[in-house]
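Below is the file model.cif, which contains mmCIF, C-alpha atoms.
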data_protein
#
loop_
_atom_site.label_atom_id
_atom_site.label_comp_id
_atom_site.auth_asym_id
_atom_site.auth_seq_id
_atom_site.Cartn_x
_atom_site.Cartn_y
_atom_site.Cartn_z
CA MET A 279 115.36 97.52 114.55
CA GLY A 280 118.64 99.22 113.64
CA ALA A 281 118.85 97.27 110.38
CA ILE A 282 115.29 98.33 109.46
CA LEU A 283 116.00 102.01 110.19
CA SER A 284 119.18 101.82 108.12
CA MET A 285 117.33 100.33 105.14
CA VAL A 286 114.53 102.91 105.44
CA ALA A 287 117.13 105.72 105.50
CA GLN A 288 118.78 104.28 102.38
CA ARG A 289 115.39 104.17 100.59
CA LEU A 290 114.70 107.79 101.58
CA ALA A 291 118.08 108.95 100.27
CA LEU A 292 117.53 107.02 97.04
CA GLY A 293 114.06 108.58 96.69
CA LEU A 294 115.47 112.11 97.04
CA LEU A 295 118.20 111.37 94.50
CA THR A 296 115.63 109.94 92.07
CA LEU A 297 113.41 113.01 92.49
CA PHE A 298 116.38 115.28 91.72
CA VAL A 299 117.20 113.30 88.56
CA VAL A 300 113.53 113.37 87.48
CA SER A 301 113.36 117.15 87.96
CA LEU A 302 116.46 117.50 85.76
CA ILE A 303 114.91 115.28 83.07
CA ILE A 304 111.66 117.30 83.14
CA PHE A 305 113.55 120.59 82.77
CA LEU A 306 115.78 119.31 79.95
CA SER A 307 112.81 117.76 78.14
CA VAL A 308 111.05 121.14 78.11
CA GLU A 309 114.27 122.82 76.98
CA MET A 310 114.55 120.46 74.01
CA LEU A 311 111.04 121.12 72.75
CA PRO A 312 111.17 122.40 69.15
CA GLY A 313 110.30 126.01 68.40
CA ASP A 314 110.46 129.20 70.44
CA ILE A 315 107.91 129.36 73.23
CA THR A 316 107.82 133.17 73.20
CA GLN A 317 107.21 133.22 69.44
CA ALA A 318 104.48 130.58 69.83
CA ILE A 319 102.73 132.59 72.56
CA LEU A 320 103.02 136.01 70.89
CA GLY A 321 102.27 134.76 67.38
CA GLN A 322 104.00 135.22 64.06
CA GLY A 323 103.15 138.94 63.93
CA ALA A 324 105.32 139.81 66.96
CA THR A 325 108.34 142.03 66.30
CA PRO A 326 111.84 140.90 67.31
CA GLU A 327 111.91 143.62 69.99
CA THR A 328 108.65 142.34 71.49
CA VAL A 329 109.92 138.76 71.46
CA ALA A 330 113.20 139.80 73.12
CA ALA A 331 111.35 141.78 75.81
CA PHE A 332 109.03 138.84 76.49
CA ARG A 333 112.02 136.47 76.75
CA ARG A 334 113.55 138.79 79.35
CA GLU A 335 110.26 138.88 81.23
CA LEU A 336 110.13 135.07 81.33
CA GLY A 337 113.82 134.84 82.23
CA LEU A 338 114.62 132.89 79.06
CA ASP A 339 117.61 135.14 78.29
CA VAL A 340 119.44 133.53 81.24
CA PRO A 341 121.57 130.37 80.58
CA ALA A 342 119.68 127.09 81.04
CA HIS A 343 121.73 125.83 84.02
CA LEU A 344 121.08 129.04 85.96
CA ARG A 345 117.36 128.83 85.18
CA TYR A 346 117.29 125.24 86.39
CA ILE A 347 118.96 126.16 89.69
CA ALA A 348 116.54 129.07 90.17
CA TRP A 349 113.53 126.84 89.31
CA LEU A 350 114.70 124.13 91.70
CA GLY A 351 115.28 126.70 94.46
CA ASP A 352 111.78 128.09 94.03
CA ILE A 353 110.27 124.60 94.15
CA VAL A 354 112.10 123.80 97.40
CA GLN A 355 110.50 126.95 98.85
CA GLY A 356 107.05 125.89 97.60
CA ASP A 357 106.90 128.41 94.75
CA LEU A 358 105.89 126.75 91.46
CA GLY A 359 105.78 130.03 89.54
CA ARG A 360 103.00 131.63 87.50
CA SER A 361 100.92 130.31 84.63
CA LEU A 362 101.70 131.96 81.28
CA ALA A 363 98.11 131.52 80.11
CA SER A 364 96.12 132.78 83.12
CA LYS A 365 98.85 134.71 85.02
CA ARG A 366 97.67 132.97 88.20
CA GLU A 367 99.90 131.33 90.78
CA ILE A 368 100.45 127.72 89.74
CA THR A 369 100.04 126.54 93.35
CA GLU A 370 96.55 128.07 93.43
CA LEU A 371 95.76 126.73 89.95
CA ILE A 372 96.84 123.18 90.77
CA ALA A 373 95.36 122.82 94.27
CA VAL A 374 91.76 122.05 93.25
CA ARG A 375 92.86 119.93 90.26
CA LEU A 376 95.21 117.86 92.42
CA TRP A 377 92.43 117.27 94.97
CA ASN A 378 90.12 116.08 92.18
CA THR A 379 92.77 113.67 90.89
CA LEU A 380 93.49 112.31 94.38
CA PHE A 381 89.75 111.89 95.00
CA LEU A 382 89.31 109.87 91.81
CA ALA A 383 92.41 107.75 92.53
CA GLY A 384 91.24 107.22 96.13
CA LEU A 385 87.77 106.14 95.00
CA ALA A 386 89.28 103.70 92.51
CA ALA A 387 91.64 102.36 95.20
CA ALA A 388 88.75 101.92 97.66
CA ILE A 389 87.10 99.65 95.07
CA ALA A 390 90.15 97.94 93.58
CA VAL A 391 92.24 97.02 96.64
CA PRO A 392 89.62 95.07 98.67
CA LEU A 393 88.29 93.50 95.47
CA ALA A 394 91.74 92.39 94.30
CA VAL A 395 92.78 90.96 97.68
CA ALA A 396 89.47 89.12 98.08
CA LEU A 397 89.65 87.68 94.55
CA GLY A 398 93.29 86.68 95.10
CA ILE A 399 92.43 84.84 98.32
CA LEU A 400 89.47 83.08 96.69
CA ALA A 401 91.58 82.15 93.64
CA ALA A 402 94.21 80.62 95.95
CA LEU A 403 91.50 78.87 97.99
CA PHE A 404 89.97 77.31 94.86
CA ARG A 405 93.25 76.89 92.99
CA ASN A 406 92.91 75.40 89.48
CA GLY A 407 89.14 75.29 89.87
CA TRP A 408 86.56 76.92 87.65
CA PHE A 409 86.54 80.09 89.79
CA ASP A 410 90.32 80.44 89.60
CA ARG A 411 90.38 79.99 85.82
CA GLY A 412 87.38 82.26 85.28
CA ILE A 413 88.67 85.15 87.37
CA ASN A 414 92.10 84.91 85.75
CA LEU A 415 90.49 85.06 82.32
CA VAL A 416 88.38 88.12 83.21
CA THR A 417 91.17 90.09 84.88
CA LEU A 418 93.74 89.33 82.17
CA SER A 419 91.20 90.35 79.51
CA SER A 420 90.54 93.67 81.26
CA ILE A 421 94.23 94.46 81.60
CA SER A 422 94.90 93.62 77.94
CA PHE A 423 92.88 96.62 76.74
CA PRO A 424 94.11 100.22 77.07
CA GLU A 425 92.37 102.55 79.51
CA PHE A 426 90.68 104.65 76.84
CA PHE A 427 89.12 101.57 75.19
CA ILE A 428 87.63 100.38 78.49
CA ALA A 429 86.48 103.93 79.25
CA TYR A 430 84.68 104.32 75.92
CA ALA A 431 83.11 100.86 76.28
CA LEU A 432 81.77 101.79 79.73
CA ILE A 433 80.48 105.13 78.41
CA PHE A 434 78.71 103.39 75.54
CA LEU A 435 77.03 100.84 77.84
CA PHE A 436 76.30 102.73 81.05
CA ALA A 437 75.91 106.30 79.78
CA VAL A 438 74.65 106.09 76.20
CA GLN A 439 72.68 102.82 76.13
CA TRP A 440 71.35 102.60 79.68
CA GLY A 441 71.80 106.16 80.94
CA TRP A 442 72.80 105.10 84.45
CA PHE A 443 75.83 107.39 84.83
CA PRO A 444 77.01 110.64 83.19
CA SER A 445 79.55 110.37 80.37
CA ILE A 446 81.17 113.71 81.29
CA VAL A 447 82.26 114.09 84.89
CA ASN A 448 81.40 117.66 85.80
CA VAL A 449 82.38 118.31 89.43
CA THR A 450 83.13 121.49 91.35
CA PRO A 451 84.41 122.16 94.89
CA ASP A 452 80.77 122.64 95.95
CA THR A 453 79.60 119.24 94.66
CA PRO A 454 78.26 117.13 97.58
CA PHE A 455 80.34 114.07 98.46
CA TRP A 456 77.91 111.34 97.37
CA GLU A 457 77.00 113.26 94.23
CA ARG A 458 80.73 113.45 93.42
CA VAL A 459 81.06 109.70 94.05
CA TYR A 460 78.12 109.00 91.71
CA ARG A 461 79.57 111.14 88.92
CA CYS A 462 83.02 109.56 89.31
CA ILE A 463 81.83 105.93 89.20
CA LEU A 464 82.64 105.30 85.52
CA PRO A 465 86.22 106.65 85.59
CA ALA A 466 86.81 104.89 88.93
CA VAL A 467 85.57 101.56 87.51
CA THR A 468 87.82 102.08 84.47
CA LEU A 469 90.86 102.46 86.71
CA THR A 470 89.71 99.50 88.83
CA LEU A 471 89.50 97.19 85.82
CA VAL A 472 92.99 98.22 84.72
CA THR A 473 94.70 97.71 88.09
CA THR A 474 92.84 94.81 89.77
CA ALA A 475 94.58 92.05 87.78
CA HIS A 476 98.08 92.95 89.04
CA MET A 477 97.07 92.99 92.68
CA MET A 478 94.85 89.90 92.42
CA ARG A 479 97.52 87.78 90.72
CA MET A 480 100.22 88.86 93.18
CA THR A 481 97.96 88.01 96.15
CA ARG A 482 97.17 84.61 94.63
CA ALA A 483 100.83 83.85 93.80
CA ALA A 484 102.12 84.94 97.22
CA ILE A 485 99.61 82.75 99.08
CA ILE A 486 100.15 79.72 96.82
CA ASN A 487 103.95 79.98 97.26
CA LEU A 488 103.51 79.81 101.02
CA MET A 489 101.14 76.83 100.93
CA ALA A 490 104.12 74.45 100.56
CA SER A 491 105.86 75.79 103.70
CA PRO A 492 106.47 73.46 106.66
CA TYR A 493 104.31 75.48 109.07
CA ILE A 494 101.39 75.25 106.61
CA GLU A 495 101.87 71.46 106.51
CA MET A 496 101.81 71.45 110.31
CA ALA A 497 98.55 73.44 110.28
CA ARG A 498 97.06 70.88 107.87
CA LEU A 499 98.13 68.03 110.15
CA LYS A 500 96.35 69.77 113.03
CA GLY A 501 93.14 69.48 111.05
CA LEU A 502 92.63 73.20 110.30
CA THR A 503 90.38 74.02 107.35
CA ARG A 504 91.90 75.29 104.12
CA SER A 505 90.24 78.70 104.47
CA ARG A 506 91.53 79.14 108.05
CA ILE A 507 95.04 78.13 106.99
CA ILE A 508 95.05 80.74 104.20
CA LEU A 509 93.52 83.58 106.25
CA MET A 510 95.28 82.99 109.59
CA HIS A 511 98.65 81.55 108.54
CA ALA A 512 99.47 82.18 104.87
CA LEU A 513 98.03 85.69 104.37
CA PRO A 514 99.94 87.44 107.23
CA ASN A 515 103.24 86.09 105.89
CA ALA A 516 102.33 87.08 102.32
CA LEU A 517 101.68 90.72 103.25
CA SER A 518 105.11 91.98 102.13
CA PRO A 519 104.73 91.31 98.36
CA ILE A 520 101.00 92.13 98.49
CA ILE A 521 101.63 95.53 100.11
CA ASN A 522 104.37 96.20 97.58
CA VAL A 523 102.17 95.58 94.55
CA ILE A 524 99.24 97.51 96.09
CA ALA A 525 101.40 100.59 96.70
CA ILE A 526 102.82 100.41 93.17
CA ASN A 527 99.32 100.19 91.72
CA LEU A 528 98.21 103.12 93.87
CA ALA A 529 101.04 105.11 92.30
CA TYR A 530 99.78 104.04 88.89
CA LEU A 531 96.25 105.14 89.83
CA VAL A 532 97.48 108.69 90.47
CA VAL A 533 99.95 108.94 87.59
CA GLY A 534 98.04 106.88 85.01
CA VAL A 535 94.82 108.81 85.54
CA VAL A 536 95.69 111.29 82.74
CA LEU A 537 94.06 109.31 79.89
CA VAL A 538 90.96 108.59 81.93
CA GLU A 539 90.59 112.25 82.88
CA VAL A 540 90.83 113.28 79.23
CA VAL A 541 88.21 110.74 78.12
CA PHE A 542 85.71 111.76 80.81
CA VAL A 543 86.66 115.48 80.67
CA TYR A 544 87.36 115.24 84.38
CA PRO A 545 88.77 118.46 85.93
CA GLY A 546 91.85 116.86 87.40
CA LEU A 547 95.58 117.47 87.23
CA GLY A 548 96.00 115.24 84.17
CA GLN A 549 93.40 117.22 82.20
CA LEU A 550 95.10 120.46 83.27
CA MET A 551 98.46 119.17 82.05
CA VAL A 552 97.04 118.19 78.64
CA ASP A 553 95.33 121.59 78.30
CA SER A 554 98.55 123.36 79.29
CA VAL A 555 100.55 121.45 76.66
CA SER A 556 98.14 122.64 73.96
CA LYS A 557 98.52 126.25 75.25
CA ARG A 558 102.31 126.00 75.54
CA ASP A 559 101.95 126.88 79.24
CA ILE A 560 105.34 125.40 80.10
CA PRO A 561 105.52 126.32 83.84
CA VAL A 562 102.21 124.51 84.49
CA VAL A 563 103.37 121.47 82.48
CA GLN A 564 106.62 121.32 84.46
CA ALA A 565 104.79 121.63 87.78
CA ALA A 566 102.23 118.94 86.89
CA CYS A 567 104.93 116.53 85.67
CA LEU A 568 106.94 117.12 88.84
CA ILE A 569 103.90 116.48 91.07
CA PHE A 570 103.12 113.24 89.21
CA ALA A 571 106.76 112.14 89.45
CA CYS A 572 106.92 113.05 93.15
CA THR A 573 103.73 111.09 93.85
CA TYR A 574 104.99 108.03 91.97
CA ILE A 575 108.37 108.10 93.73
CA LEU A 576 106.83 108.61 97.18
CA LEU A 577 104.36 105.75 96.77
CA ASN A 578 107.09 103.42 95.47
CA LEU A 579 109.22 104.49 98.42
CA LEU A 580 106.29 103.76 100.73
CA ALA A 581 105.94 100.33 99.10
CA ASP A 582 109.59 99.54 99.84
CA ILE A 583 109.36 100.74 103.44
CA LEU A 584 106.11 98.87 104.17
CA SER A 585 107.44 95.67 102.60
CA ILE A 586 110.52 95.95 104.81
CA ILE A 587 108.48 96.59 107.96
CA SER A 588 106.01 93.78 107.20
CA ASN A 589 108.79 91.23 106.60
CA PRO A 590 108.83 88.83 109.59
CA ARG A 591 112.47 87.88 108.89
CA LEU A 592 113.50 91.49 109.54
CA LEU A 593 111.15 92.11 112.45
CA HIS A 594 112.09 88.88 114.24
CA PRO A 595 115.72 88.04 113.30
CA ARG A 596 117.19 84.87 114.71
#
Show me, as structure tokens, the structure contained in the file I just sent.
Amino acid sequence: MGAILSMVAQRLALGLLTLFVVSLIIFLSVEMLPGDITQAILGQGATPETVAAFRRELGLDVPAHLRYIAWLGDIVQGDLGRSLASKREITELIAVRLWNTLFLAGLAAAIAVPLAVALGILAALFRNGWFDRGINLVTLSSISFPEFFIAYALIFLFAVQWGWFPSIVNVTPDTPFWERVYRCILPAVTLTLVTTAHMMRMTRAAIINLMASPYIEMARLKGLTRSRIILMHALPNALSPIINVIAINLAYLVVGVVLVEVVFVYPGLGQLMVDSVSKRDIPVVQAACLIFACTYILLNLLADILSIISNPRLLHPR
């Protein structure tokens, strides 16, 4: 148990260090953007005195390293600043959008994870058969296309041709749960098609690798069926890599949702970030990027911790 706690502590420290480095990269990337943000916001007709006063108001007359320290200190206290476009608190502005993004990612995960694990188990059960080859062909084909292509194909078929689902996902905080689920089906299926192949292939590979183990041979000699061997003996020992790839794909569902949100005009955090880039609303862009980065790092950290905890060699050392 001590070894597990030590490894978990190391992963946590590495996650915090990575988050600090990412915050520095985000700040420097914004600093290196061409042009003057104050001039872009005020327009070409602004006088030099007006531009200078606006720079002082935004704190841009302070050296970059001091601004970074102040920004980081505010973030640690939960203050993300104010939007330049709407003058609203960014925390208030982002809250509903972040919930919408997490809802869409959660709906996609609720479809993709059980589907991928089930397909991976069946592919391992019928290894090299017609089902295995067929499902590999379908999943690899779906992952070969970018998200926006799959999204537009689904819109053309299910919204334009057949009219089963809306092409624009218009949801509000007052939208009933099942109505929200119905409106989010197409973007959720898009994300499912993009992520299922990774999880399915990892599940299949992990189970097949274990099928040559001595304890699996012993189970065969006892006369157990192939399905029972896979479900009761191989799958529990294959959980570590499967959990790892599922957590990584969950991180992708949250971070990679930006393109899907733009295609479906979904009011999520990704759509807000794209809109803020076009408005030069830098504080909102920084906050959105930091939230995406924090989510990705936390879920990868969770993947490492769960894979450590689910590893029988660490839980039951000899």
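Closest approach to Leu362 (chain A) from the set A:Leu344, A:Leu380, A:Leu294, A:Val563 is made by A:Val563, with distances taken over only C-alpha atoms.
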Worksheet item: Could you name the residues that touch Arg360 (chain A) at 10 Å or less, counting only C-alpha atoms, but leaving out those on the same chain fewer than 6 positions away, as a ChimeraX atom specification?
Response: /A:366-371,559-562
For this structure, which residues satisfy the selection - the PyMOL selection byres ((chain A and resi 513) around 9) - when it is evaluated on the file as given? I want them as a list in words.
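This file, filtered by the PyMOL selection byres ((chain A and resi 513) around 9), leaves Ile399, Thr481, Ala484, Ile485, Leu488, Ile507, Ile508, Leu509, Met510, His511, Ala512, Pro514, Asn515, Ala516 and Leu517 of chain A.
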Long-range neighbours of Leu400 (chain A) as a PDB file with C-alpha atoms, keeping the file's coordinate frame, 12 Å cut-off, only C-alpha atoms, 5 positions minimum in chain:
ATOM      1  CA  LEU A 393      88.290  93.500  95.470  1.00  0.00           C
ATOM      2  CA  ALA A 394      91.740  92.390  94.300  1.00  0.00           C
ATOM      3  CA  VAL A 395      92.780  90.960  97.680  1.00  0.00           C
ATOM      4  CA  ARG A 405      93.250  76.890  92.990  1.00  0.00           C
ATOM      5  CA  ASN A 406      92.910  75.400  89.480  1.00  0.00           C
ATOM      6  CA  GLY A 407      89.140  75.290  89.870  1.00  0.00           C
ATOM      7  CA  TRP A 408      86.560  76.920  87.650  1.00  0.00           C
ATOM      8  CA  PHE A 409      86.540  80.090  89.790  1.00  0.00           C
ATOM      9  CA  ASP A 410      90.320  80.440  89.600  1.00  0.00           C
ATOM     10  CA  ARG A 411      90.380  79.990  85.820  1.00  0.00           C
ATOM     11  CA  GLY A 412      87.380  82.260  85.280  1.00  0.00           C
ATOM     12  CA  ILE A 413      88.670  85.150  87.370  1.00  0.00           C
ATOM     13  CA  ASN A 414      92.100  84.910  85.750  1.00  0.00           C
ATOM     14  CA  MET A 478      94.850  89.900  92.420  1.00  0.00           C
ATOM     15  CA  ARG A 479      97.520  87.780  90.720  1.00  0.00           C
ATOM     16  CA  THR A 481      97.960  88.010  96.150  1.00  0.00           C
ATOM     17  CA  ARG A 482      97.170  84.610  94.630  1.00  0.00           C
ATOM     18  CA  ALA A 483     100.830  83.850  93.800  1.00  0.00           C
ATOM     19  CA  ILE A 485      99.610  82.750  99.080  1.00  0.00           C
ATOM     20  CA  ILE A 486     100.150  79.720  96.820  1.00  0.00           C
ATOM     21  CA  ARG A 504      91.900  75.290 104.120  1.00  0.00           C
ATOM     22  CA  SER A 505      90.240  78.700 104.470  1.00  0.00           C
ATOM     23  CA  ILE A 508      95.050  80.740 104.200  1.00  0.00           C
ATOM     24  CA  LEU A 509      93.520  83.580 106.250  1.00  0.00           C
ATOM     25  CA  LEU A 513      98.030  85.690 104.370  1.00  0.00           C
TER      26      LEU A 513
END
What would the selection look like, as a PyMOL selection string, if the PyMOL selection byres ((chain A and resi 304) around 12) were run on the coordinates I just shared?
chain A and resi 297-303+305-311+346+349-350+560-572
### Query
From the list A:Asn378, A:Ser422, A:Asn487, A:Gln439, which residue is nearest Val459 (chain A) when using all atoms listed in the file?
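Ranked by minimum distance to Val459 (chain A), first place goes to A:Asn378.
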Requested in this report: Rounded to one decimal place, report the CA of Leu435 (chain A)-CA of Asn448 (chain A) distance in Å.
Outcome: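 Calculated distance between CA of Leu435 (chain A) and CA of Asn448 (chain A) is 19.1 Å.
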Between A:Met489, A:Arg461, A:Ile586, A:Lys365, which residue has the minimum interatomic distance to Ala402 (chain A), considering all atoms listed in the file?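 With all atoms listed in the file as the atom set, the closest residue is A:Met489.
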Practice task
Specify as an MDAnalysis selection string each residue included when the PyMOL selection byres ((chain A and resi 521) around 10) is applied to this file.
Solution key: chainID A and resid 477 480:481 516:520 522:527 580:585 588
Quick check, in Å to one decimal: how far apart do CA of His476 (chain A) and CA of Thr379 (chain A) lie?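 Separating CA of His476 (chain A) from CA of Thr379 (chain A) is a distance of 21.5 Å.
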- Just give me the gap between CA of Leu547 (chain A) and CA of Ile433 (chain A) in Å, one decimal is fine.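 Separation between CA of Leu547 (chain A) and CA of Ile433 (chain A): 21.4 Å.
Minimum distance to Ala388 (chain A) across A:Val543, A:Ala497, A:Leu469, A:Val536 (counting only C-alpha atoms) occurs at A:Leu469.
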Using all atoms listed in the file, pick whichever of A:Pro465, A:Gly441, A:Pro454, A:Gly548 has the shortest atom-to-atom distance to Gly384 (chain A).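 Under the stated criterion, the closest residue is A:Pro465.
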